[in-house]
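Everything below belongs to target.cif, which stores mmCIF, C-alpha atoms.
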```
data_protein
loop_
_atom_site.label_atom_id
_atom_site.label_comp_id
_atom_site.auth_asym_id
_atom_site.auth_seq_id
_atom_site.Cartn_x
_atom_site.Cartn_y
_atom_site.Cartn_z
CA MET A 6 2.86 -22.55 -2.10
CA THR A 7 1.61 -22.50 1.48
CA THR A 8 3.14 -19.05 1.91
CA LEU A 9 1.50 -17.86 -1.31
CA VAL A 10 -1.96 -19.02 -0.28
CA ALA A 11 -1.56 -17.44 3.16
CA THR A 12 -0.51 -14.16 1.55
CA LEU A 13 -3.49 -14.22 -0.81
CA ARG A 14 -5.88 -14.87 2.03
CA ARG A 15 -4.51 -11.85 3.86
CA LEU A 16 -4.86 -9.71 0.74
CA GLU A 17 -8.21 -10.84 -0.63
CA LEU A 18 -10.19 -12.79 1.93
CA PRO A 19 -10.66 -10.48 4.90
CA LYS A 20 -11.85 -11.95 8.15
CA ALA A 21 -15.62 -12.14 8.34
CA GLY A 22 -15.62 -9.57 11.13
CA ARG A 23 -14.08 -6.92 8.89
CA VAL A 24 -16.92 -7.09 6.38
CA TRP A 25 -19.59 -7.01 9.08
CA LEU A 26 -17.70 -4.15 10.74
CA ALA A 27 -17.80 -2.23 7.46
CA ILE A 28 -21.56 -2.85 7.19
CA PHE A 29 -22.23 -1.61 10.73
CA ALA A 30 -19.90 1.36 10.20
CA ILE A 31 -21.84 2.37 7.08
CA LEU A 32 -25.15 2.03 8.91
CA ALA A 33 -23.80 4.10 11.80
CA ALA A 34 -22.61 6.79 9.39
CA ILE A 35 -26.02 6.88 7.70
CA ALA A 36 -27.78 7.18 11.06
CA LEU A 37 -25.44 10.00 12.07
CA PHE A 38 -25.24 12.06 8.87
CA ASP A 39 -28.46 11.19 7.01
CA PRO A 40 -30.95 9.64 9.46
CA VAL A 41 -33.81 9.95 7.00
CA GLN A 42 -32.04 7.50 4.69
CA PHE A 43 -31.38 4.89 7.41
CA ARG A 44 -34.73 3.09 7.31
CA PRO A 45 -34.99 3.07 3.48
CA SER A 46 -31.47 1.59 3.19
CA VAL A 47 -32.21 -1.13 5.75
CA ASP A 48 -35.53 -1.98 4.08
CA PHE A 49 -33.90 -2.06 0.64
CA THR A 50 -31.08 -4.33 1.83
CA LEU A 51 -33.37 -6.79 3.61
CA GLY A 52 -35.80 -6.87 0.70
CA ALA A 53 -33.02 -7.53 -1.80
CA LEU A 54 -31.61 -10.32 0.38
CA ALA A 55 -35.06 -11.91 0.66
CA HIS A 56 -35.43 -11.77 -3.13
CA THR A 57 -32.01 -13.39 -3.60
CA LEU A 58 -32.41 -16.02 -0.87
CA PRO A 59 -33.62 -18.89 -3.13
CA PHE A 60 -30.64 -18.33 -5.44
CA ILE A 61 -28.26 -18.26 -2.48
CA VAL A 62 -29.61 -21.54 -1.06
CA PHE A 63 -29.41 -23.35 -4.38
CA ALA A 64 -25.95 -22.00 -5.17
CA VAL A 65 -24.54 -22.88 -1.75
CA LEU A 66 -25.90 -26.44 -1.85
CA ALA A 67 -24.73 -27.00 -5.43
CA VAL A 68 -21.17 -25.88 -4.69
CA SER A 69 -21.06 -27.90 -1.45
CA VAL A 70 -22.12 -31.07 -3.28
CA LEU A 71 -19.48 -30.55 -5.96
CA LYS A 72 -16.77 -30.03 -3.34
CA ALA A 73 -17.85 -32.99 -1.22
CA THR A 74 -17.86 -35.34 -4.19
CA GLY A 75 -14.36 -34.29 -5.27
CA ALA A 76 -15.31 -33.02 -8.72
CA ASP A 77 -11.85 -31.48 -9.27
CA ALA A 78 -10.64 -34.95 -10.27
CA VAL A 79 -13.03 -34.77 -13.22
CA VAL A 80 -11.97 -31.22 -14.04
CA ALA A 81 -8.34 -32.30 -14.30
CA ARG A 82 -9.14 -34.60 -17.23
CA ALA A 83 -9.65 -31.56 -19.46
CA PHE A 84 -5.91 -30.89 -19.53
CA VAL A 85 -4.73 -33.80 -21.64
CA GLY A 86 -4.46 -34.37 -25.37
CA ARG A 87 -3.94 -31.92 -28.23
CA GLU A 88 -3.17 -28.30 -27.39
CA SER A 89 -6.17 -26.84 -29.24
CA ARG A 90 -8.46 -29.32 -27.48
CA MET A 91 -6.93 -28.39 -24.14
CA ILE A 92 -7.56 -24.69 -24.78
CA VAL A 93 -11.22 -25.26 -25.58
CA LEU A 94 -11.82 -27.53 -22.60
CA ALA A 95 -9.81 -25.27 -20.28
CA ALA A 96 -11.98 -22.28 -21.22
CA LEU A 97 -15.14 -24.31 -20.70
CA VAL A 98 -13.98 -25.73 -17.38
CA GLY A 99 -12.76 -22.36 -16.14
CA GLY A 100 -16.06 -20.72 -16.98
CA LEU A 101 -18.28 -23.42 -15.51
CA ALA A 102 -16.35 -25.00 -12.62
CA PRO A 103 -17.10 -23.94 -9.03
CA PHE A 104 -13.59 -22.62 -8.34
CA CYS A 105 -12.86 -19.19 -6.91
CA SER A 106 -9.58 -17.47 -7.76
CA CYS A 107 -7.74 -18.71 -4.66
CA GLU A 108 -8.85 -22.31 -5.13
CA VAL A 109 -7.34 -22.58 -8.62
CA ILE A 110 -3.85 -21.62 -7.43
CA PRO A 111 -2.65 -25.14 -6.50
CA PHE A 112 -4.44 -26.46 -9.58
CA ILE A 113 -2.57 -24.04 -11.84
CA ALA A 114 0.71 -24.70 -10.03
CA ALA A 115 0.25 -28.41 -10.75
CA LEU A 116 -0.48 -27.74 -14.43
CA LEU A 117 2.64 -25.62 -14.83
CA ALA A 118 4.78 -28.14 -12.99
CA LEU A 119 3.53 -30.96 -15.23
CA GLY A 120 4.36 -29.03 -18.39
CA THR A 121 0.83 -28.14 -19.53
CA PRO A 122 1.03 -25.63 -22.41
CA VAL A 123 0.81 -22.05 -21.19
CA SER A 124 -1.96 -21.45 -23.74
CA ALA A 125 -4.29 -23.86 -21.92
CA VAL A 126 -3.26 -22.44 -18.56
CA MET A 127 -4.04 -18.92 -19.83
CA ALA A 128 -7.47 -20.02 -21.10
CA PHE A 129 -8.33 -21.50 -17.71
CA TRP A 130 -6.89 -18.59 -15.77
CA LEU A 131 -8.81 -15.94 -17.72
CA SER A 132 -12.18 -17.65 -17.60
CA SER A 133 -12.05 -18.91 -14.02
CA PRO A 134 -12.40 -15.59 -12.09
CA LEU A 135 -15.34 -14.43 -14.20
CA ILE A 136 -18.11 -16.83 -13.27
CA ASP A 137 -18.99 -19.88 -11.20
CA PRO A 138 -22.35 -21.48 -10.35
CA ALA A 139 -22.96 -19.26 -7.33
CA ALA A 140 -21.97 -16.06 -9.17
CA PHE A 141 -24.16 -17.13 -12.11
CA LEU A 142 -27.24 -17.39 -9.90
CA ILE A 143 -26.48 -14.16 -8.05
CA THR A 144 -26.04 -12.35 -11.38
CA ALA A 145 -29.32 -13.77 -12.68
CA SER A 146 -31.09 -12.62 -9.54
CA ALA A 147 -29.72 -9.07 -9.64
CA LEU A 148 -29.52 -8.40 -13.39
CA GLY A 149 -31.61 -11.07 -15.10
CA TRP A 150 -30.87 -14.23 -17.04
CA PRO A 151 -29.50 -12.48 -20.17
CA PHE A 152 -26.75 -10.88 -18.08
CA ALA A 153 -25.92 -14.15 -16.30
CA ILE A 154 -25.80 -16.13 -19.54
CA GLY A 155 -23.93 -13.31 -21.27
CA LYS A 156 -21.26 -13.21 -18.57
CA THR A 157 -20.84 -16.99 -18.79
CA VAL A 158 -20.44 -16.79 -22.56
CA ALA A 159 -18.01 -13.90 -22.08
CA ALA A 160 -15.95 -15.96 -19.63
CA ILE A 161 -15.64 -18.84 -22.06
CA GLY A 162 -15.03 -16.50 -25.00
CA ILE A 163 -12.27 -14.60 -23.19
CA GLY A 164 -10.68 -17.90 -22.21
CA LEU A 165 -10.71 -19.04 -25.83
CA LEU A 166 -9.34 -15.69 -27.01
CA GLY A 167 -6.55 -15.73 -24.46
CA GLY A 168 -5.70 -19.37 -25.09
CA PHE A 169 -5.40 -19.14 -28.86
CA VAL A 170 -3.64 -15.77 -28.80
CA THR A 171 -1.13 -17.23 -26.34
CA GLN A 172 -0.71 -20.30 -28.54
CA ALA A 173 0.12 -18.02 -31.48
CA ALA A 174 2.52 -16.01 -29.32
CA VAL A 175 4.32 -19.18 -28.24
CA GLY A 176 4.59 -20.18 -31.90
CA ALA A 177 6.21 -16.81 -32.59
CA GLY A 178 8.83 -17.40 -29.91
CA PHE A 179 7.28 -15.74 -26.86
CA PHE A 180 6.70 -17.28 -23.41
CA ALA A 181 9.39 -19.94 -23.92
CA ASP A 182 9.84 -20.29 -20.15
CA PRO A 183 6.56 -19.07 -18.60
CA ALA A 184 6.76 -20.39 -15.03
CA LYS A 185 8.85 -18.86 -12.28
CA PRO A 186 11.28 -21.16 -10.48
CA PRO A 187 9.68 -22.99 -7.50
CA GLN A 188 9.90 -21.01 -4.29
CA PRO A 189 11.86 -22.64 -1.43
CA GLY A 190 9.74 -23.94 1.38
CA GLY A 191 6.71 -24.72 -0.73
CA GLY A 192 5.01 -27.82 0.61
CA CYS A 193 2.51 -28.64 -2.15
CA ARG A 194 3.00 -31.65 -4.35
CA ALA A 195 2.74 -30.86 -8.05
CA SER A 196 0.13 -33.51 -8.61
CA SER A 197 -2.04 -32.71 -5.59
CA ALA A 198 -4.78 -31.18 -7.72
CA PHE A 199 -5.14 -34.41 -9.68
CA ASP A 200 -5.20 -36.95 -6.87
CA GLY A 201 -8.27 -39.02 -6.05
CA ARG A 202 -11.50 -39.93 -7.79
CA PRO A 203 -14.90 -38.35 -7.26
CA GLU A 204 -17.28 -40.09 -4.90
CA TRP A 205 -20.78 -39.12 -6.00
CA ARG A 206 -22.46 -40.77 -2.98
CA PHE A 207 -20.53 -38.58 -0.62
CA TRP A 208 -23.06 -39.02 2.21
CA ASN A 209 -21.72 -42.54 2.80
CA HIS A 210 -18.39 -41.13 4.01
CA ALA A 211 -18.03 -39.20 7.25
CA GLU A 212 -15.12 -37.12 5.94
CA ARG A 213 -17.06 -36.04 2.84
CA ARG A 214 -20.15 -35.26 4.91
CA GLN A 215 -17.96 -32.99 7.01
CA ILE A 216 -16.65 -31.29 3.85
CA PHE A 217 -20.25 -30.72 2.74
CA ALA A 218 -21.18 -29.21 6.10
CA ASP A 219 -18.08 -26.99 6.25
CA GLU A 220 -18.51 -25.78 2.67
CA THR A 221 -22.19 -25.02 3.22
CA LYS A 222 -21.49 -22.95 6.31
CA GLU A 223 -18.51 -21.14 4.81
CA ASN A 224 -20.18 -20.31 1.48
CA ALA A 225 -23.46 -19.25 3.09
CA LEU A 226 -21.70 -16.81 5.41
CA PHE A 227 -19.48 -15.59 2.59
CA LEU A 228 -22.41 -14.82 0.29
CA LEU A 229 -24.51 -13.32 3.08
CA LYS A 230 -21.88 -10.82 4.21
CA TRP A 231 -20.86 -9.71 0.70
CA LEU A 232 -24.42 -9.43 -0.60
CA THR A 233 -25.47 -7.47 2.48
CA LEU A 234 -22.65 -5.01 1.86
CA ALA A 235 -23.43 -4.85 -1.87
CA TYR A 236 -27.14 -4.18 -1.41
CA LEU A 237 -26.45 -1.59 1.27
CA LEU A 238 -24.07 0.24 -1.07
CA GLU A 239 -26.61 -0.06 -3.89
CA SER A 240 -29.25 1.62 -1.73
CA LEU A 241 -26.88 4.53 -1.07
CA MET A 242 -25.90 4.75 -4.72
CA LEU A 243 -29.53 5.05 -5.76
CA ALA A 244 -30.19 7.65 -3.06
CA TRP A 245 -27.07 9.79 -3.27
CA LEU A 246 -25.55 9.44 -6.73
CA PRO A 247 -27.32 11.64 -9.29
CA ALA A 248 -28.55 9.70 -12.28
CA GLU A 249 -27.22 12.33 -14.67
CA VAL A 250 -23.66 11.72 -13.44
CA ILE A 251 -23.83 8.01 -14.26
CA ALA A 252 -25.62 8.60 -17.53
CA GLY A 253 -23.06 11.21 -18.54
CA ALA A 254 -20.06 8.95 -17.79
CA VAL A 255 -21.14 5.49 -18.91
CA GLY A 256 -24.61 5.97 -20.38
CA GLY A 257 -25.62 6.01 -24.01
CA GLU A 258 -24.42 3.88 -26.87
CA GLY A 259 -21.10 3.47 -28.59
CA LEU A 260 -17.58 2.49 -27.63
CA LEU A 261 -16.70 5.33 -25.23
CA PRO A 262 -19.07 4.33 -22.37
CA ILE A 263 -17.87 0.72 -22.62
CA LEU A 264 -14.21 1.75 -22.62
CA THR A 265 -14.80 4.07 -19.67
CA ALA A 266 -16.59 1.34 -17.72
CA ALA A 267 -13.76 -1.13 -18.34
CA LEU A 268 -11.17 1.44 -17.24
CA VAL A 269 -13.13 2.16 -14.06
CA GLY A 270 -14.00 -1.48 -13.40
CA ALA A 271 -10.45 -2.80 -13.68
CA PRO A 272 -8.96 -1.00 -10.66
CA ALA A 273 -12.26 -0.95 -8.72
CA TYR A 274 -12.15 -4.64 -7.84
CA LEU A 275 -15.53 -6.17 -6.95
CA ASN A 276 -15.93 -9.87 -6.40
CA GLY A 277 -18.43 -11.77 -8.52
CA TYR A 278 -21.00 -11.81 -5.72
CA ALA A 279 -21.02 -8.11 -4.83
CA ALA A 280 -20.66 -6.70 -8.36
CA PRO A 281 -24.09 -7.61 -9.85
CA ALA A 282 -26.06 -5.67 -7.24
CA LEU A 283 -23.91 -2.58 -7.71
CA VAL A 284 -24.07 -2.83 -11.49
CA ALA A 285 -27.85 -3.15 -11.23
CA GLY A 286 -27.89 0.14 -9.36
CA LEU A 287 -25.64 1.78 -11.93
CA ILE A 288 -27.83 0.56 -14.79
CA GLU A 289 -30.89 1.93 -13.03
CA GLN A 290 -29.07 5.24 -12.84
CA GLY A 291 -28.27 5.30 -16.56
CA MET A 292 -25.35 2.95 -17.28
CA SER A 293 -25.74 1.07 -20.55
CA ASN A 294 -25.95 -2.72 -20.59
CA GLY A 295 -22.73 -2.99 -22.59
CA ALA A 296 -20.89 -0.76 -20.12
CA GLY A 297 -22.29 -2.81 -17.23
CA MET A 298 -20.94 -6.02 -18.74
CA ALA A 299 -17.53 -4.44 -19.40
CA PHE A 300 -17.42 -3.13 -15.83
CA MET A 301 -18.15 -6.54 -14.30
CA VAL A 302 -15.75 -8.46 -16.53
CA ALA A 303 -12.87 -6.01 -16.07
CA GLY A 304 -13.33 -6.03 -12.30
CA ALA A 305 -13.37 -9.83 -12.14
CA VAL A 306 -10.27 -10.33 -14.28
CA SER A 307 -8.36 -7.78 -12.21
CA CYS A 308 -9.39 -9.23 -8.84
CA ILE A 309 -6.63 -9.42 -6.26
CA PRO A 310 -6.25 -13.22 -5.93
CA ALA A 311 -6.29 -13.79 -9.68
CA MET A 312 -3.73 -11.04 -10.35
CA THR A 313 -1.49 -12.03 -7.45
CA ALA A 314 -1.58 -15.69 -8.38
CA VAL A 315 -0.60 -14.95 -11.98
CA TYR A 316 2.26 -12.72 -10.88
CA ALA A 317 3.46 -15.19 -8.25
CA LEU A 318 3.52 -18.26 -10.49
CA VAL A 319 4.56 -16.97 -13.93
CA ARG A 320 7.05 -14.54 -15.37
CA ARG A 321 6.29 -10.88 -16.00
CA SER A 322 5.63 -11.32 -19.73
CA VAL A 323 2.85 -13.84 -19.02
CA PHE A 324 1.43 -11.57 -16.32
CA LEU A 325 1.29 -8.60 -18.68
CA ALA A 326 -0.34 -10.78 -21.34
CA TYR A 327 -2.97 -11.84 -18.79
CA VAL A 328 -3.77 -8.22 -17.92
CA GLY A 329 -3.91 -7.11 -21.56
CA LEU A 330 -6.03 -10.04 -22.71
CA GLY A 331 -8.43 -9.63 -19.80
CA PHE A 332 -8.91 -5.92 -20.46
CA ALA A 333 -9.40 -6.48 -24.19
CA GLY A 334 -11.87 -9.25 -23.42
CA ALA A 335 -13.85 -6.94 -21.13
CA ILE A 336 -14.20 -4.35 -23.89
CA LEU A 337 -15.19 -6.94 -26.49
CA SER A 338 -17.72 -8.45 -24.09
CA GLY A 339 -19.26 -5.04 -23.52
CA ILE A 340 -19.47 -4.31 -27.25
CA VAL A 341 -21.09 -7.63 -28.11
CA PHE A 342 -23.50 -7.66 -25.17
CA GLY A 343 -24.43 -4.02 -25.72
CA SER A 344 -25.22 -4.68 -29.38
CA LEU A 345 -27.40 -7.68 -28.50
CA PHE A 346 -29.14 -6.04 -25.51
CA PRO A 347 -28.99 -2.26 -26.03
#
```
Would you mind writing the structure in this file as structure tokens?
Amino acid sequence: MTTLVATLRRLELPKAGRVWLAIFAILAAIALFDPVQFRPSVDFTLGALAHTLPFIVFAVLAVSVLKATGADAVVARAFVGRESRMIVLAALVGGLAPFCSCEVIPFIAALLALGTPVSAVMAFWLSSPLIDPAAFLITASALGWPFAIGKTVAAIGIGLLGGFVTQAAVGAGFFADPAKPPQPGGGCRASSAFDGRPEWRFWNHAERRQIFADETKENALFLLKWLTLAYLLESLMLAWLPAEVIAGAVGGEGLLPILTAALVGAPAYLNGYAAPALVAGLIEQGMSNGAGMAFMVAGAVSCIPAMTAVYALVRRSVFLAYVGLGFAGAILSGIVFGSLFP
């Protein structure tokens, strides 16, 4: 498990310097090849960051408090009882809990090791990459509350869809042995995700205060670097990408723009913090709301840590089911959201 997490960090969580290097490289390229655009892009990026700052502060503090209190012990209680109840609670927890894709890996490994039905695991796994409290607030800031609430509902709905479809598939004889054999050298205990009880008055404990401080610093820097990159790219998209190109590909009503957006969004991975700003730019250029939702959902489900974790911990049939259910969920989310908010 330690090897898996290290591999995922190398794949998905680049060192902070790489992101800042990309930002400075983009700014240098603008200054060199289009100097007239340099000042507007800088002003746009700083203005967007200032607009988002209250959401960033609240999101960072909320996640830090949840981590310092040890809320994962409460989350673990969802995975007991009847299978249908587990699916519902797993979808809700996955869509609302402050876990990123990498953080759920030991949690999922523990569930599989303890024999939790693969249907509940699938529900949690599908909903978890789509939204968390920080991503919810960032989405609301960039795209408005309907988009943020819609994406949260989509996360829970896709989790429910995946869970109950998987339950039916298991009943039909599929996924009899979903988990891969444990890899040699893994050092994680199966029950590590379930140890301990939450301590809501975390400030009384030096260790938990340190967790709060570390989480605050790490999440603040993480959001700042990714949002800076996202807003910078949005400024260039608005300046350089003709509106008629976007409108022609994913604009208008109907199924085709939504399907196209999901197909483009799936391989073009964007994390949940960078995607809303870019989607806002695409919508301003002519992308429909339904296509924007499909693009965000497909990109989140296909993110590198989520995909790699699924493939590393379960057999190929479960991995393919995850990909298919996530893509279908993205299209359905786009259709429903587009019909409600055309």
message: The residues within 10 Å of (-17.6, -23.9, -14.9), using all atoms listed in the file and the coordinates of the file, should be reported as number ranges by chain; which are they?
response: A: 80, 95-104, 129, 132-133, 135-138, 141, 157, 160-161
- request: List the residues matched by the PyMOL selection byres ((chain A and resi 229) around 12) in the displayed structure as JSON, numbers by chain, ordered by chain and then by residue number.
  value: {"A": [21, 24, 25, 28, 50, 51, 53, 54, 55, 57, 58, 60, 61, 62, 65, 143, 221, 222, 223, 224, 225, 226, 227, 228, 230, 231, 232, 233, 234, 235, 236, 278, 279]}
message: Nearest residue to A:Gln42 out of A:Gly331, A:Ser240, A:Val302, A:Ile163, using only C-alpha atoms?
response: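 Smallest separation from A:Gln42 among the options: A:Ser240.
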- line: One decimal place gives the atom CA of A:Arg44-atom CA of A:Ala140 separation as 28.3 Å
task: Provide the atom CA of A:Met127 to atom CA of A:Glu204 distance in Å, to one decimal place.
output: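 Pair atom CA of A:Met127 / atom CA of A:Glu204 returns 29.1 Å.
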query: Pick the closest to A:Asp48 from A:Ala27, A:Leu237, A:Val175, A:Val70: which is it, counting all atoms listed in the file?
result: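 Closest to A:Asp48, using all atoms listed in the file: A:Leu237.
Among A:Gly155, A:Gly178, A:Gly120, A:Gly291, the residue with the shortest atom-to-atom distance to A:Ala335, counting only C-alpha atoms, is A:Gly155.
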